[in-house]
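> This is run.cif (mmCIF, C-alpha atoms).
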```cif
data_coords
loop_
_atom_site.label_atom_id
_atom_site.label_comp_id
_atom_site.auth_asym_id
_atom_site.auth_seq_id
_atom_site.Cartn_x
_atom_site.Cartn_y
_atom_site.Cartn_z
CA MET A 1263 87.18 88.94 133.20
CA LYS A 1264 88.46 92.48 133.70
CA ASP A 1265 91.97 91.27 132.86
CA THR A 1266 90.90 89.73 129.53
CA PRO A 1267 92.43 91.74 126.66
CA PHE A 1268 90.43 93.19 123.81
CA VAL A 1269 91.11 91.86 120.31
CA ALA A 1270 91.21 94.55 117.64
CA ILE A 1271 90.88 93.81 113.92
CA ASP A 1272 92.83 96.29 111.77
CA CYS A 1273 92.27 96.24 108.01
CA ILE A 1274 94.71 97.60 105.43
CA ILE A 1275 92.43 98.12 102.43
CA PHE A 1276 93.97 98.69 99.01
CA GLY A 1277 92.16 99.99 95.94
CA PHE A 1278 93.24 101.03 92.44
CA ASP A 1279 92.01 104.38 91.11
CA GLN A 1280 91.52 103.75 87.40
CA LYS A 1281 91.31 107.44 86.45
CA GLU A 1282 94.41 108.50 88.34
CA GLU A 1283 96.10 105.13 87.72
CA SER A 1284 97.29 105.05 91.32
CA LEU A 1285 97.24 102.57 94.18
CA LYS A 1286 95.31 103.91 97.15
CA ILE A 1287 94.63 102.97 100.74
CA LEU A 1288 91.37 103.46 102.64
CA LEU A 1289 91.87 105.43 105.87
CA LEU A 1290 89.64 106.84 108.59
CA LYS A 1291 89.91 110.52 109.51
CA HIS A 1292 89.43 111.50 113.15
CA VAL A 1293 88.99 115.12 114.30
CA LEU A 1294 89.79 115.41 118.01
CA GLN A 1295 88.19 117.89 120.42
CA SER A 1296 91.40 119.90 120.23
CA GLY A 1297 90.85 120.29 116.47
CA GLU A 1298 93.80 118.07 115.67
CA THR A 1299 93.30 115.59 112.82
CA THR A 1300 94.55 112.02 113.09
CA TRP A 1301 94.34 109.08 110.68
CA SER A 1302 93.94 105.36 111.24
CA LEU A 1303 93.28 102.11 109.50
CA VAL A 1304 89.75 100.73 109.31
CA SER A 1305 89.33 98.86 112.58
CA GLY A 1306 86.87 97.08 114.83
CA PHE A 1307 86.77 94.67 117.75
CA LEU A 1308 86.23 90.93 117.82
CA ASN A 1309 82.85 89.82 119.13
CA ILE A 1310 82.74 86.86 121.49
CA ASP A 1311 80.63 84.79 119.07
CA GLU A 1312 82.65 85.16 115.85
CA SER A 1313 85.93 84.01 114.34
CA ILE A 1314 88.62 86.58 113.54
CA ASP A 1315 88.05 86.06 109.79
CA ASP A 1316 84.34 86.70 110.27
CA ALA A 1317 85.15 89.82 112.27
CA ALA A 1318 87.38 91.18 109.50
CA ASN A 1319 84.68 90.54 106.90
CA ARG A 1320 82.10 92.22 109.13
CA VAL A 1321 84.27 95.31 109.56
CA LEU A 1322 84.79 95.57 105.78
CA HIS A 1323 81.14 94.94 104.96
CA SER A 1324 79.92 97.57 107.41
CA LEU A 1325 82.11 100.18 105.70
CA THR A 1326 81.80 99.26 102.02
CA GLY A 1327 78.73 97.05 101.71
CA LEU A 1328 80.86 94.50 99.85
CA THR A 1329 81.08 90.76 100.43
CA GLU A 1330 83.50 88.12 99.14
CA ILE A 1331 86.44 90.51 99.44
CA TYR A 1332 89.97 89.18 98.98
CA LEU A 1333 91.26 89.15 102.54
CA GLU A 1334 94.42 87.74 104.07
CA GLN A 1335 95.56 87.68 107.68
CA LEU A 1336 98.82 89.53 108.03
CA HIS A 1337 100.18 89.85 111.56
CA ALA A 1338 99.39 89.95 115.27
CA SER A 1339 100.64 92.74 117.55
CA GLY A 1340 100.52 92.17 121.27
CA ALA A 1341 103.26 94.16 122.98
CA ILE A 1342 102.53 95.00 126.62
CA HIS A 1343 102.30 98.72 125.92
CA TYR A 1344 100.53 98.41 122.57
CA GLY A 1345 97.77 101.00 122.05
CA PRO A 1346 95.63 102.68 124.70
CA GLU A 1347 94.24 101.08 127.83
CA PRO A 1348 92.80 98.52 128.29
CA ARG A 1349 95.23 95.89 127.08
CA THR A 1350 94.66 95.20 123.37
CA ILE A 1351 95.87 92.55 120.95
CA ALA A 1352 95.68 93.71 117.32
CA ILE A 1353 95.31 91.30 114.39
CA SER A 1354 95.86 92.91 111.01
CA TYR A 1355 94.48 91.89 107.63
CA TYR A 1356 95.00 93.30 104.19
CA ALA A 1357 92.19 93.46 101.66
CA LEU A 1358 91.96 94.12 97.92
CA ILE A 1359 88.80 95.68 96.56
CA ASN A 1360 87.57 97.28 93.37
CA GLN A 1361 87.58 100.89 94.50
CA ASN A 1362 84.51 101.74 92.40
CA ALA A 1363 82.44 98.73 93.45
CA GLY A 1364 81.56 99.64 97.02
CA ILE A 1365 79.73 102.61 98.52
CA LEU A 1366 81.48 103.98 101.59
CA ASP A 1367 79.34 104.64 104.64
CA ASP A 1368 79.69 108.37 105.33
CA LYS A 1369 79.40 107.95 109.10
CA TYR A 1370 82.92 106.50 109.23
CA SER A 1371 84.61 109.47 107.50
CA ALA A 1372 86.61 107.14 105.26
CA HIS A 1373 88.86 108.50 102.51
CA TRP A 1374 90.84 106.95 99.67
CA ILE A 1375 94.40 108.29 99.90
CA LYS A 1376 97.24 107.76 97.42
CA LEU A 1377 99.71 105.34 98.95
CA SER A 1378 102.51 107.78 98.08
CA GLU A 1379 100.70 110.52 100.06
CA LYS A 1380 99.73 108.48 103.12
CA PRO A 1381 99.73 110.60 106.30
CA LYS A 1382 101.22 109.38 109.57
CA LEU A 1383 98.86 106.93 111.25
CA ILE A 1384 98.08 106.28 114.91
CA PHE A 1385 99.58 103.53 117.09
CA ASP A 1386 101.62 101.07 114.98
CA HIS A 1387 99.35 101.29 111.93
CA ASP A 1388 102.23 102.56 109.77
CA GLU A 1389 104.13 99.33 110.50
CA MET A 1390 101.05 97.32 109.54
CA VAL A 1391 100.84 99.16 106.21
CA SER A 1392 104.53 98.49 105.50
CA ARG A 1393 104.04 94.78 106.16
CA ALA A 1394 100.95 94.73 103.95
CA ILE A 1395 102.77 96.40 101.04
CA LYS A 1396 105.61 93.89 101.21
CA ARG A 1397 103.15 90.97 101.34
CA LEU A 1398 101.14 92.40 98.43
CA GLN A 1399 104.29 92.82 96.33
CA ARG A 1400 105.27 89.19 96.89
CA ARG A 1401 101.77 87.82 96.34
CA ALA A 1402 101.08 89.88 93.22
CA LEU A 1403 104.08 88.34 91.46
CA THR A 1404 103.49 84.74 92.57
CA GLN A 1405 99.68 84.66 92.47
CA PRO A 1406 97.35 86.72 90.26
CA ILE A 1407 95.65 88.44 93.21
CA GLY A 1408 96.33 91.89 91.75
CA PHE A 1409 93.39 91.30 89.42
CA LYS A 1410 91.11 91.72 92.45
CA LEU A 1411 91.84 95.46 92.28
CA LEU A 1412 90.51 95.78 88.73
CA PRO A 1413 86.97 95.98 87.36
CA THR A 1414 85.49 92.99 85.52
CA LYS A 1415 86.68 94.45 82.21
CA PHE A 1416 89.97 96.31 81.94
CA THR A 1417 92.61 97.38 79.44
CA MET A 1418 96.14 96.02 79.28
CA ARG A 1419 97.37 99.50 80.14
CA GLN A 1420 95.35 99.45 83.37
CA LEU A 1421 96.77 96.05 84.31
CA ILE A 1422 100.33 97.20 83.65
CA LYS A 1423 99.87 100.47 85.56
CA LEU A 1424 98.38 98.56 88.48
CA TYR A 1425 101.36 96.23 88.71
CA GLU A 1426 103.79 99.12 88.38
CA GLU A 1427 102.03 100.81 91.31
CA ILE A 1428 102.19 97.63 93.40
CA ILE A 1429 105.83 96.86 92.63
CA GLY A 1430 106.89 100.50 92.80
CA GLU A 1431 108.92 100.54 89.59
CA PRO A 1432 108.40 100.50 85.81
CA LEU A 1433 107.76 97.16 84.10
CA ASP A 1434 109.06 95.87 80.81
CA LYS A 1435 105.61 96.29 79.29
CA ARG A 1436 106.15 93.99 76.32
CA ASN A 1437 107.55 91.10 78.36
CA PHE A 1438 104.92 91.50 81.09
CA THR A 1439 102.12 91.40 78.51
CA LYS A 1440 103.58 88.28 76.88
CA LYS A 1441 103.96 86.61 80.27
CA VAL A 1442 100.37 87.24 81.38
CA ILE A 1443 98.95 86.10 78.05
CA SER A 1444 101.15 82.97 77.96
CA LEU A 1445 99.77 81.94 81.37
CA GLY A 1446 96.26 82.00 79.92
CA LEU A 1447 95.05 84.41 82.60
CA LEU A 1448 93.31 86.78 80.20
CA LYS A 1449 90.50 86.66 77.69
CA ARG A 1450 90.57 89.44 75.10
CA LEU A 1451 87.12 90.80 74.31
CA THR A 1452 85.82 92.31 71.10
CA GLU A 1453 84.84 95.45 73.04
CA LYS A 1454 87.12 98.46 73.19
CA GLU A 1455 87.66 101.24 75.68
CA LYS A 1456 87.45 104.50 73.69
CA ASN A 1457 88.36 107.08 76.33
CA SER A 1458 92.15 106.78 76.09
CA SER A 1459 92.50 107.05 72.31
CA ARG A 1460 90.51 107.48 69.13
CA LYS A 1461 91.42 103.99 67.98
CA GLY A 1462 90.52 102.51 71.35
CA SER A 1463 92.09 99.74 73.43
CA PHE A 1464 90.83 96.18 73.61
CA LEU A 1465 89.23 95.21 76.89
CA TYR A 1466 90.19 92.05 78.75
CA LYS A 1467 88.69 89.98 81.51
CA PHE A 1468 90.42 87.33 83.54
CA ASN A 1469 90.00 83.63 82.89
CA ALA A 1470 88.28 82.54 86.10
CA GLU A 1471 89.49 78.91 85.89
CA LYS A 1472 93.13 79.86 85.34
CA PHE A 1473 92.86 82.61 87.93
CA ASN A 1474 91.58 80.26 90.64
CA LYS A 1475 94.29 77.71 89.87
CA GLY A 1476 96.90 80.44 90.00
CA VAL A 1477 95.73 81.63 93.40
CA GLU A 1478 95.57 78.08 94.74
CA LYS A 1479 98.82 76.68 93.34
CA GLY A 1480 100.78 79.84 92.60
CA MET A 1481 102.45 81.05 89.43
CA THR A 1482 105.12 83.57 88.66
CA LEU A 1483 104.54 86.85 86.88
CA HIS A 1484 108.24 87.67 86.97
CA THR A 1485 109.53 88.46 83.50
CA THR A 1486 113.20 87.78 84.18
#
```
Can the structure in the file be given as structure tokens, please?


Amino acid sequence: MKDTPFVAIDCIIFGFDQKEESLKILLLKHVLQSGETTWSLVSGFLNIDESIDDAANRVLHSLTGLTEIYLEQLHASGAIHYGPEPRTIAISYYALINQNAGILDDKYSAHWIKLSEKPKLIFDHDEMVSRAIKRLQRRALTQPIGFKLLPTKFTMRQLIKLYEEIIGEPLDKRNFTKKVISLGLLKRLTEKEKNSSRKGSFLYKFNAEKFNKGVEKGMTLHTT
């Protein structure tokens, strides 16, 4: 049994800051005895009596208190010299959560960091983040999973800014809006958000039926 490797579950957790209109990642801060600060992904170990999906959900729930989080397995890392002793196999997941929905457990020293300001991470966590970003960019344009980062009600501006943050470049706002509406993904509400302008912006919510079909069967949000 002493030669059995540990299985680590590493979670790349994305959130969208509505006030700053920026895509963020949830990281753990570690202060070493030397005073040096290091950063890592949110991680845990697989228990003998649970599946790896259950382990990932447990790790996320223990930190945020949230359930039914969008979660997707990303990659397995098992190089001989990966991580510290003892031998460890790492399975990474990426998750999308409404940044304002959960309450972070203070004991973990977790912080939301702008993706553009991400510090260097321990082990091969930077590689995991790079893989997760590429997967998120592909998925967000072929399935409407980006909506998982938004609150129940949101403005069109928030949706556009979110997708610009995910893709990493400006969108043709008019064509993107037409595309999303033509797919039937949105329901425009009579309510308005009044913080951004005196006139206010209409609020939207996603059409759950169309959303679920889009996630299951796929659809393109490309505008060209």

> Can you list, as an MDAnalysis selection string, every protein, DNA or RNA residue that comes within 12 Å of Asp1272 in chain A when you count all atoms listed in the file, leaving out same-chain residues fewer than 3 positions away?

chainID A and resid 1269 1275 1288:1290 1302:1308 1314:1315 1317:1322 1333:1339 1350:1357 1384:1391 1394

> Report as JSON, numbers by chain the residues that result from applying the PyMOL selection byres ((chain A and resi 1380) around 10) to the structure here.

{"A": [1286, 1287, 1288, 1289, 1301, 1374, 1375, 1376, 1377, 1378, 1379, 1381, 1382, 1383, 1388, 1391]}

> Kindly indicate which residue among A:Ile1365, A:Ile1422, A:Ala1470, A:Ile1359 lies nearest to Asn1437 in chain A, using all atoms listed in the file for the distances.

A:Ile1422

> Restricting the calculation to only C-alpha atoms: of A:Phe1416, A:Lys1461, A:Leu1483, A:Thr1404, which residue gets closest to Lys1441 in chain A?

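Looking at the shortest contact to Lys1441 in chain A, the residue is A:Leu1483.
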
> To verify the selection step, state as a VMD selection string which residues the PyMOL selection byres ((chain A and resi 1421) around 10) yields on this input.

chain A and resid 1280 1283 1408 to 1409 1411 to 1412 1416 to 1420 1422 to 1427 1438 to 1439 1442 1466

> Could you tell me, as a list of chain:residue names, exactly which residues end up selected when the PyMOL selection byres ((chain A and resi 1327) around 10) is applied to this structure?

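Checked against the file, the PyMOL selection byres ((chain A and resi 1327) around 10) matches A:Arg1320, A:Val1321, A:Leu1322, A:His1323, A:Ser1324, A:Leu1325, A:Thr1326, A:Leu1328, A:Thr1329, A:Ala1363, A:Gly1364, A:Ile1365, A:Leu1366, A:Asp1367.
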
> Out of A:Ser1463, A:Ser1313, A:Asn1362, A:Gln1295, which residue has the shortest atom-to-atom distance to Phe1276 in chain A when counting all atoms listed in the file?

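The shortest atom-to-atom distance to Phe1276 in chain A comes from A:Asn1362.
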
> Might you pull out every residue within 7 Å of Glu1453 in chain A, with only C-alpha atoms counted and same-chain residues fewer than 2 positions away left off, and present them as a list of chain:residue names?

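So the residues in contact are A:Leu1451, A:Glu1455, A:Phe1464, A:Leu1465.
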
> As an exercise, work out the distance from CA of Ile1407 in chain A to CA of Asp1434 in chain A in Å and give it to one decimal place.

19.7 Å

> Which residue gives the smallest distance to Pro1406 in chain A among A:Pro1348, A:Phe1473, A:Thr1452, A:Ser1371, with all atoms listed in the file counted?

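That would be A:Phe1473, the residue with the smallest distance to Pro1406 in chain A.
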
> Quick one, how far is CA of Ile1310 in chain A from CA of Arg1397 in chain A?

29.0 Å
